[in-house]
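K.L.:
Data file upload.txt (compact mmCIF, C-alpha atoms and all ligand atoms) is appended below.
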```
# COMPACT_ATOMS: atom_id res chain seq x y z
CA MET U 144 0.00 0.00 0.00
CA ARG U 145 1.21 3.52 -0.81
CA VAL U 146 -0.08 6.89 0.29
CA HIS U 147 0.59 9.87 -2.00
CA VAL U 148 0.39 13.19 -0.21
CA ILE U 149 -1.61 15.44 -2.55
CA GLY U 150 -2.10 18.21 -0.01
CA CYS U 151 -1.30 18.46 3.69
CA SER U 152 -1.65 22.14 4.64
CA GLY U 153 -3.68 22.53 7.82
CA SER U 154 -7.07 24.28 7.83
CA PHE U 155 -6.59 26.11 4.50
CA ALA U 156 -4.40 25.89 1.41
CA GLY U 157 -0.94 27.27 2.10
CA PRO U 158 1.53 29.18 -0.07
CA THR U 159 3.32 25.98 -1.05
CA GLY U 160 0.58 23.40 -1.04
CA ALA U 161 -3.08 22.44 -0.95
CA ALA U 162 -5.20 21.46 2.04
CA SER U 163 -5.69 17.81 3.04
CA SER U 164 -5.85 15.12 0.38
CA TYR U 165 -4.19 11.71 0.15
CA LEU U 166 -4.26 9.11 -2.60
CA ILE U 167 -4.11 5.51 -1.41
CA GLU U 168 -2.94 2.91 -3.91
CA HIS U 169 -2.80 -0.84 -3.50
CA GLU U 170 -2.34 -3.61 -6.03
CA ASP U 171 -4.52 -6.69 -5.59
CA ALA U 172 -3.46 -10.30 -6.13
CA ASP U 173 -4.38 -10.09 -9.83
CA GLY U 174 -2.15 -7.05 -10.36
CA ARG U 175 -5.04 -4.57 -10.58
CA LEU U 176 -4.11 -1.23 -9.00
CA TRP U 177 -6.83 0.26 -6.78
CA ARG U 178 -6.93 3.98 -6.10
CA VAL U 179 -8.89 5.53 -3.26
CA LEU U 180 -8.80 9.25 -2.59
CA MET U 181 -8.99 10.22 1.08
CA ASP U 182 -10.21 13.80 1.52
CA LEU U 183 -10.08 16.46 -1.20
CA GLY U 184 -9.60 19.79 0.54
CA SER U 185 -9.21 23.33 -0.77
CA GLY U 186 -6.80 23.53 -3.68
CA ALA U 187 -6.12 19.77 -3.85
CA PHE U 188 -7.85 18.91 -7.13
CA GLY U 189 -5.08 20.68 -9.10
CA PRO U 190 -2.10 18.72 -7.73
CA LEU U 191 -4.14 15.49 -7.81
CA GLN U 192 -4.04 15.79 -11.60
CA GLN U 193 -0.23 15.85 -11.47
CA VAL U 194 -0.31 12.40 -9.87
CA ILE U 195 -3.14 10.56 -11.66
CA ASP U 196 -5.91 11.01 -14.16
CA PRO U 197 -8.87 11.50 -11.78
CA ALA U 198 -10.95 9.31 -14.12
CA ASP U 199 -8.91 6.38 -12.75
CA LEU U 200 -10.22 6.83 -9.19
CA ASP U 201 -12.14 3.87 -7.74
CA ALA U 202 -13.69 5.72 -4.78
CA VAL U 203 -13.40 8.69 -2.45
CA ILE U 204 -13.65 8.72 1.33
CA ILE U 205 -14.18 12.00 3.21
CA SER U 206 -13.29 12.33 6.90
CA HIS U 207 -15.50 15.33 7.65
CA LEU U 208 -17.17 18.34 6.08
CA HIS U 209 -14.76 21.15 6.80
CA PRO U 210 -13.76 22.89 3.55
CA ASP U 211 -10.09 21.96 3.93
CA HIS U 212 -11.15 18.30 3.60
CA TYR U 213 -13.96 18.26 1.02
CA LEU U 214 -14.35 21.53 -0.88
CA ASP U 215 -12.52 20.51 -4.07
CA LEU U 216 -15.10 17.76 -4.62
CA THR U 217 -16.90 20.59 -6.44
CA GLY U 218 -14.12 20.39 -9.07
CA LEU U 219 -14.13 16.59 -9.16
CA GLU U 220 -17.91 16.66 -9.67
CA VAL U 221 -17.54 18.92 -12.72
CA PHE U 222 -14.76 16.68 -14.04
CA TRP U 223 -16.89 13.53 -13.61
CA ALA U 224 -20.21 14.96 -14.81
CA TYR U 225 -18.98 16.59 -18.02
CA HIS U 226 -16.06 14.32 -19.01
CA SER U 227 -15.91 13.29 -22.66
CA ARG U 228 -15.63 9.65 -21.64
CA THR U 229 -19.05 8.01 -21.38
CA ASP U 230 -17.93 4.87 -19.54
CA LEU U 231 -17.08 6.40 -16.17
CA GLY U 232 -20.18 5.23 -14.28
CA LYS U 233 -20.92 6.79 -10.90
CA LEU U 234 -17.99 7.46 -8.60
CA PRO U 235 -18.58 6.08 -5.07
CA ILE U 236 -18.17 8.78 -2.40
CA HIS U 237 -18.20 7.69 1.27
CA ALA U 238 -18.84 10.73 3.44
CA PRO U 239 -20.95 12.20 6.26
CA ALA U 240 -24.63 12.40 5.32
CA PRO U 241 -24.90 16.15 4.58
CA LEU U 242 -22.30 16.11 1.78
CA PRO U 243 -24.64 16.10 -1.28
CA ASP U 244 -26.64 19.04 0.12
CA ARG U 245 -23.41 20.82 1.07
CA ILE U 246 -22.04 20.57 -2.48
CA SER U 247 -25.34 21.73 -3.96
CA GLY U 248 -25.35 24.62 -1.48
CA VAL U 249 -21.88 25.75 -2.52
CA LEU U 250 -23.01 25.65 -6.15
CA GLY U 251 -26.34 27.35 -5.43
CA ARG U 252 -28.40 24.70 -7.15
CA ALA U 253 -31.48 22.73 -6.15
CA GLY U 254 -31.00 18.95 -6.12
CA HIS U 255 -27.88 16.88 -6.69
CA VAL U 256 -27.74 16.71 -10.48
CA PRO U 257 -25.41 19.17 -12.24
CA ASP U 258 -26.97 21.44 -14.85
CA GLY U 259 -27.36 19.93 -18.29
CA VAL U 260 -26.74 16.29 -17.37
CA LYS U 261 -29.29 13.57 -16.63
CA THR U 262 -27.90 11.84 -13.56
CA ALA U 263 -25.77 12.68 -10.54
CA PRO U 264 -22.13 11.70 -11.16
CA PHE U 265 -21.49 10.57 -7.59
CA ASP U 266 -22.88 7.54 -5.78
CA TYR U 267 -23.07 8.63 -2.13
CA HIS U 268 -22.55 6.24 0.80
CA VAL U 269 -23.23 7.60 4.28
CA LEU U 270 -20.54 7.13 6.91
CA ALA U 271 -21.26 6.25 10.53
CA ASP U 272 -19.17 5.29 13.54
CA GLY U 273 -17.96 1.69 13.61
CA LEU U 274 -18.63 1.03 9.94
CA ARG U 275 -16.59 -1.52 8.00
CA PHE U 276 -16.60 -1.70 4.23
CA THR U 277 -14.31 -2.74 1.42
CA ILE U 278 -13.11 -1.04 -1.73
CA GLY U 279 -11.39 -3.71 -3.81
CA PRO U 280 -8.71 -5.25 -1.58
CA LEU U 281 -8.83 -2.37 0.95
CA GLU U 282 -10.76 -2.89 4.18
CA ILE U 283 -11.83 0.38 5.75
CA ALA U 284 -13.05 0.92 9.32
CA THR U 285 -14.48 4.20 10.58
CA HIS U 286 -13.93 5.68 14.05
CA ALA U 287 -15.83 8.79 15.16
CA VAL U 288 -13.24 11.21 16.57
CA LEU U 289 -13.32 14.43 18.61
CA HIS U 290 -13.85 17.51 16.43
CA PRO U 291 -16.50 20.28 16.38
CA VAL U 292 -18.37 18.55 13.52
CA GLU U 293 -19.17 14.90 12.73
CA ALA U 294 -15.69 13.57 11.93
CA TYR U 295 -14.06 10.21 11.31
CA GLY U 296 -10.63 8.70 11.38
CA PHE U 297 -10.01 5.75 9.11
CA ARG U 298 -8.13 2.52 9.60
CA ILE U 299 -7.32 0.88 6.28
CA THR U 300 -5.89 -2.61 6.00
CA ALA U 301 -4.86 -4.83 3.10
CA GLU U 302 -2.91 -8.06 3.07
CA GLY U 303 -1.75 -7.72 6.64
CA VAL U 304 -0.56 -4.11 6.55
CA SER U 305 -2.44 -1.38 8.36
CA PHE U 306 -2.67 2.36 7.82
CA ALA U 307 -4.41 4.71 10.26
CA TYR U 308 -5.48 8.29 9.52
CA SER U 309 -6.59 10.59 12.33
CA GLY U 310 -8.67 12.96 10.21
CA ASP U 311 -9.05 16.12 12.34
CA THR U 312 -9.33 15.42 16.05
CA ASP U 313 -8.21 16.20 19.56
CA SER U 314 -7.11 13.37 21.86
CA CYS U 315 -9.82 10.76 22.41
CA GLN U 316 -10.24 7.05 23.09
CA ALA U 317 -11.37 6.39 19.52
CA LEU U 318 -8.09 7.78 18.18
CA ASP U 319 -6.05 5.41 20.35
CA GLU U 320 -8.19 2.51 19.12
CA LEU U 321 -7.89 3.35 15.44
CA ALA U 322 -4.12 3.83 15.70
CA ALA U 323 -3.41 0.72 17.80
CA GLY U 324 -0.47 -1.14 16.29
CA ALA U 325 -0.80 0.52 12.86
CA ASP U 326 2.20 0.13 10.56
CA LEU U 327 1.79 3.77 9.50
CA PHE U 328 -0.13 6.38 11.47
CA LEU U 329 -0.84 9.60 9.57
CA CYS U 330 -1.83 12.03 12.29
CA GLU U 331 -2.71 15.68 12.34
CA ALA U 332 -0.79 18.09 14.55
CA GLY U 333 -2.51 21.36 13.78
CA TYR U 334 -1.76 23.07 17.09
CA ILE U 335 1.34 23.71 19.14
CA GLU U 336 1.71 23.55 22.90
CA GLY U 337 1.31 26.84 24.74
CA ARG U 338 0.15 28.95 21.81
CA ASP U 339 -3.07 26.98 21.22
CA ASP U 340 -3.90 25.70 24.72
CA HIS U 341 -7.13 27.75 24.87
CA PHE U 342 -8.67 25.67 22.04
CA THR U 343 -10.03 22.30 23.17
CA GLY U 344 -11.74 19.47 21.32
CA VAL U 345 -10.50 20.58 17.88
CA HIS U 346 -6.91 19.59 16.96
CA LEU U 347 -3.92 17.74 18.32
CA THR U 348 -0.56 19.30 19.07
CA GLY U 349 2.65 17.56 18.02
CA ARG U 350 3.00 16.44 21.60
CA ARG U 351 -0.49 14.98 21.80
CA ALA U 352 -0.01 13.23 18.44
CA GLY U 353 3.25 11.76 19.73
CA GLU U 354 1.55 10.59 22.91
CA VAL U 355 -1.12 8.77 20.89
CA ALA U 356 1.57 7.12 18.72
CA ALA U 357 3.45 6.00 21.82
CA ARG U 358 0.36 4.57 23.52
CA ALA U 359 -0.78 2.89 20.30
CA GLY U 360 2.62 1.35 19.53
CA VAL U 361 2.57 2.39 15.87
CA GLY U 362 5.32 1.37 13.47
CA ARG U 363 5.81 4.85 12.03
CA LEU U 364 4.24 8.23 12.74
CA ALA U 365 3.73 10.77 9.93
CA LEU U 366 2.59 14.22 11.06
CA THR U 367 0.36 16.38 8.88
CA HIS U 368 -2.17 19.26 8.80
CA ILE U 369 0.32 21.96 9.79
CA PRO U 370 -1.17 25.42 9.04
CA ALA U 371 0.81 28.03 7.12
CA TRP U 372 1.49 30.12 10.24
CA THR U 373 3.24 27.24 12.07
CA ASP U 374 6.89 26.22 11.68
CA PRO U 375 6.64 22.42 11.11
CA ALA U 376 9.83 21.95 13.16
CA ILE U 377 7.88 22.85 16.31
CA PRO U 378 5.21 20.09 16.28
CA LEU U 379 7.86 17.64 15.03
CA ALA U 380 10.08 18.42 18.01
CA GLU U 381 7.09 18.15 20.37
CA ALA U 382 6.26 14.68 19.06
CA ARG U 383 9.89 13.54 19.36
CA GLU U 384 9.91 14.49 23.04
CA VAL U 385 7.27 11.88 23.84
CA HIS U 386 7.62 9.21 21.13
CA THR U 387 10.86 7.38 20.36
CA GLY U 388 9.74 5.57 17.18
CA PRO U 389 10.27 6.86 13.62
CA ILE U 390 8.51 10.18 12.94
CA THR U 391 8.30 12.14 9.70
CA MET U 392 6.67 15.44 8.79
CA VAL U 393 4.85 14.99 5.48
CA ARG U 394 5.24 17.39 2.55
CA PRO U 395 3.20 17.77 -0.64
CA MET U 396 3.94 15.00 -3.16
CA ASP U 397 5.57 12.71 -0.60
CA ILE U 398 4.91 9.01 -1.18
CA LEU U 399 4.57 7.04 2.04
CA ASP U 400 5.09 3.31 1.80
CA VAL U 401 2.90 1.28 4.15
CA SER U 402 4.73 -1.90 4.96
CA ARG U 403 4.92 -4.20 7.93
CA SER U 404 6.93 -2.73 10.74
CA PRO U 405 9.49 -5.36 11.80
CA ASP U 406 10.01 -3.66 15.16
CA ARG U 407 6.33 -3.66 15.99
CA HIS U 408 5.82 -7.30 15.04
CA ALA U 409 8.97 -8.40 16.85
CA ALA U 410 7.78 -6.57 19.97
CA ARG U 411 4.33 -8.12 19.74
CA ASN U 412 5.73 -11.60 19.25
CA ALA U 413 7.89 -11.17 22.33
CA GLN U 414 4.88 -10.35 24.53
ZN ZN W 501 -8.68 20.27 8.73
ZN ZN W 502 -11.71 20.00 10.55
```
Let me see whether you can do it: turn the structure in this file into structure tokens.
Ligand SMILES: [Zn+2]
Ligand SMILES: [Zn+2]

P.N.:
Amino acid sequence: MRVHVIGCSGSFAGPTGAASSYLIEHEDADGRLWRVLMDLGSGAFGPLQQVIDPADLDAVIISHLHPDHYLDLTGLEVFWAYHSRTDLGKLPIHAPAPLPDRISGVLGRAGHVPDGVKTAPFDYHVLADGLRFTIGPLEIATHAVLHPVEAYGFRITAEGVSFAYSGDTDSCQALDELAAGADLFLCEAGYIEGRDDHFTGVHLTGRRAGEVAARAGVGRLALTHIPAWTDPAIPLAEAREVHTGPITMVRPMDILDVSRSPDRHAARNAQ
């Protein structure tokens, strides 16, 4: 499994990159490559087209309905609805229930069908806490996390490797559960200690992300969702104070390989 970082800027698109969006790729036993897009925040539809032809997407999963995680679906909808190819079918979109109305609201239209076409281009699937579903060889589990709106983290597994994504959240039990023993844990660290202590129930700091990774025993921690006004070195240093395992700070266009963590499995086998 691979995770392409399409955008990772926290809360809004930054001067050097788009808001949250990640492309997950995994090849099944027959050699068919599956592509699932996880979030498509402000500004992310442009760089996505540098990585793949969006017509090759198999599905989209959306963690929550803040604009920095879903707003560029408006561009993907135009792309899918008016594309010259006639064999695209409907693109499955797994998201919180209000998404179709939210997109129509942004576009100022009644109903979910774009102007001039006969059918809606997206096939919506409503997310809920504790859901499990598959997209090709990828098994996806949802965990409701702590954020001001309905929000999910995802745990994605395939052929024995596991990838966990925090979505946007503050510390909570569900986050520890979804990260437990993951080979790769992609975790937001939108706040920094001290400066942002007066905000609660919204985002993690680097320190709190590191504490989750340590408790969960993850193979590798990748920090993301750093807003433009924050020096990424600060949350990275915070995380390193509390977690001794491998930690990286993601950048746009990074490719993260999700593979079995030998350390984690050795430690588990020794227990
Ligand atoms: Zn966000
Ligand atoms: Zn959010």

K.L.:
Choose the residue, out of U:Leu289, U:Leu327, U:Leu166, U:Cys151, that has the smallest atom-to-atom separation from His207 (chain U); count all atoms listed in the file.

P.N.:
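Counting all atoms listed in the file, the residue closest to His207 (chain U) is U:Leu289.
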
K.L.:
Could you tell me which of U:Ser206, U:Tyr225, U:Ile377, U:Ile398 comes closest to Thr312 (chain U) if we count all atoms listed in the file?

P.N.:
U:Ser206

K.L.:
Tell me, in Å to one decimal, how far CA of Leu219 (chain U) is from CA of Leu274 (chain U).

P.N.:
25.0 Å

K.L.:
If you count all atoms listed in the file, which residues end up within 6 Å of ligand ZN 501 (chain W), as a short mmCIF file (atom, residue, chain, number, x, y, z; two decimals) with C-alpha atoms, in the coordinates of the input?

P.N.:
```cif
data_model
loop_
_atom_site.label_atom_id
_atom_site.label_comp_id
_atom_site.auth_asym_id
_atom_site.auth_seq_id
_atom_site.Cartn_x
_atom_site.Cartn_y
_atom_site.Cartn_z
CA GLY U 153 -3.68 22.53 7.82
CA SER U 154 -7.07 24.28 7.83
CA ASP U 211 -10.09 21.96 3.93
CA ASP U 311 -9.05 16.12 12.34
#
```

K.L.:
Separation of CA of Ala323 (chain U) and CA of Gly353 (chain U), in Å?

P.N.:
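Separation between CA of Ala323 (chain U) and CA of Gly353 (chain U): 13.0 Å.
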
K.L.:
Kindly give the distance, in Å, that separates CA of Phe188 (chain U) and CA of Val148 (chain U), rounded to a single decimal.

P.N.:
12.2 Å

K.L.:
Got a sec to check which residues lie within 12 Å of ligand ZN 502 (chain W), using all atoms listed in the file, and send them as number ranges by chain?

P.N.:
U: 152-155, 162-163, 182, 184, 205-214, 288-296, 309-313, 331-333, 344-347, 368, 370

K.L.:
Is there a way to get, as a CSV table (one decimal) with C-alpha atoms, in the coordinates of the input, all residues within 9 Å of the point (-7.1, 6.8, 9.7) in file coordinates, counting only C-alpha atoms?

P.N.:
```csv
chain,number,residue,atom,x,y,z
U,206,SER,CA,-13.3,12.3,6.9
U,283,ILE,CA,-11.8,0.4,5.8
U,284,ALA,CA,-13.0,0.9,9.3
U,285,THR,CA,-14.5,4.2,10.6
U,286,HIS,CA,-13.9,5.7,14.0
U,295,TYR,CA,-14.1,10.2,11.3
U,296,GLY,CA,-10.6,8.7,11.4
U,297,PHE,CA,-10.0,5.8,9.1
U,298,ARG,CA,-8.1,2.5,9.6
U,299,ILE,CA,-7.3,0.9,6.3
U,306,PHE,CA,-2.7,2.4,7.8
U,307,ALA,CA,-4.4,4.7,10.3
U,308,TYR,CA,-5.5,8.3,9.5
U,309,SER,CA,-6.6,10.6,12.3
U,310,GLY,CA,-8.7,13.0,10.2
U,318,LEU,CA,-8.1,7.8,18.2
U,321,LEU,CA,-7.9,3.4,15.4
U,322,ALA,CA,-4.1,3.8,15.7
U,328,PHE,CA,-0.1,6.4,11.5
U,329,LEU,CA,-0.8,9.6,9.6
U,330,CYS,CA,-1.8,12.0,12.3
```

K.L.:
Which is closer to Gly232 (chain U) than all the others in U:Pro197, U:Pro264, U:Gly189, U:Gly254, using all atoms listed in the file?

P.N.:
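Answer, going by the shortest atom-to-atom distance: U:Pro264.
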
K.L.:
Considering only C-alpha atoms, can you say which of U:Arg245, U:His237, U:Arg350, U:His147 comes closest to Ser164 (chain U)?

P.N.:
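Looking at the shortest contact to Ser164 (chain U), the residue is U:His147.
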
K.L.:
For each of U:Val179, U:Ala198, U:Val146, U:Ala187, take the minimum atom-to-atom distance to Gly218 (chain U), counting all atoms listed in the file, then give the residue where this is smallest.

P.N.:
U:Ala187

K.L.:
Find, counting all atoms listed in the file, the residue in U:Thr159, U:Thr367, U:Ser404, U:Thr217 that gets nearest to Phe265 (chain U).

P.N.:
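Distance minimum relative to Phe265 (chain U) lands on U:Thr217.
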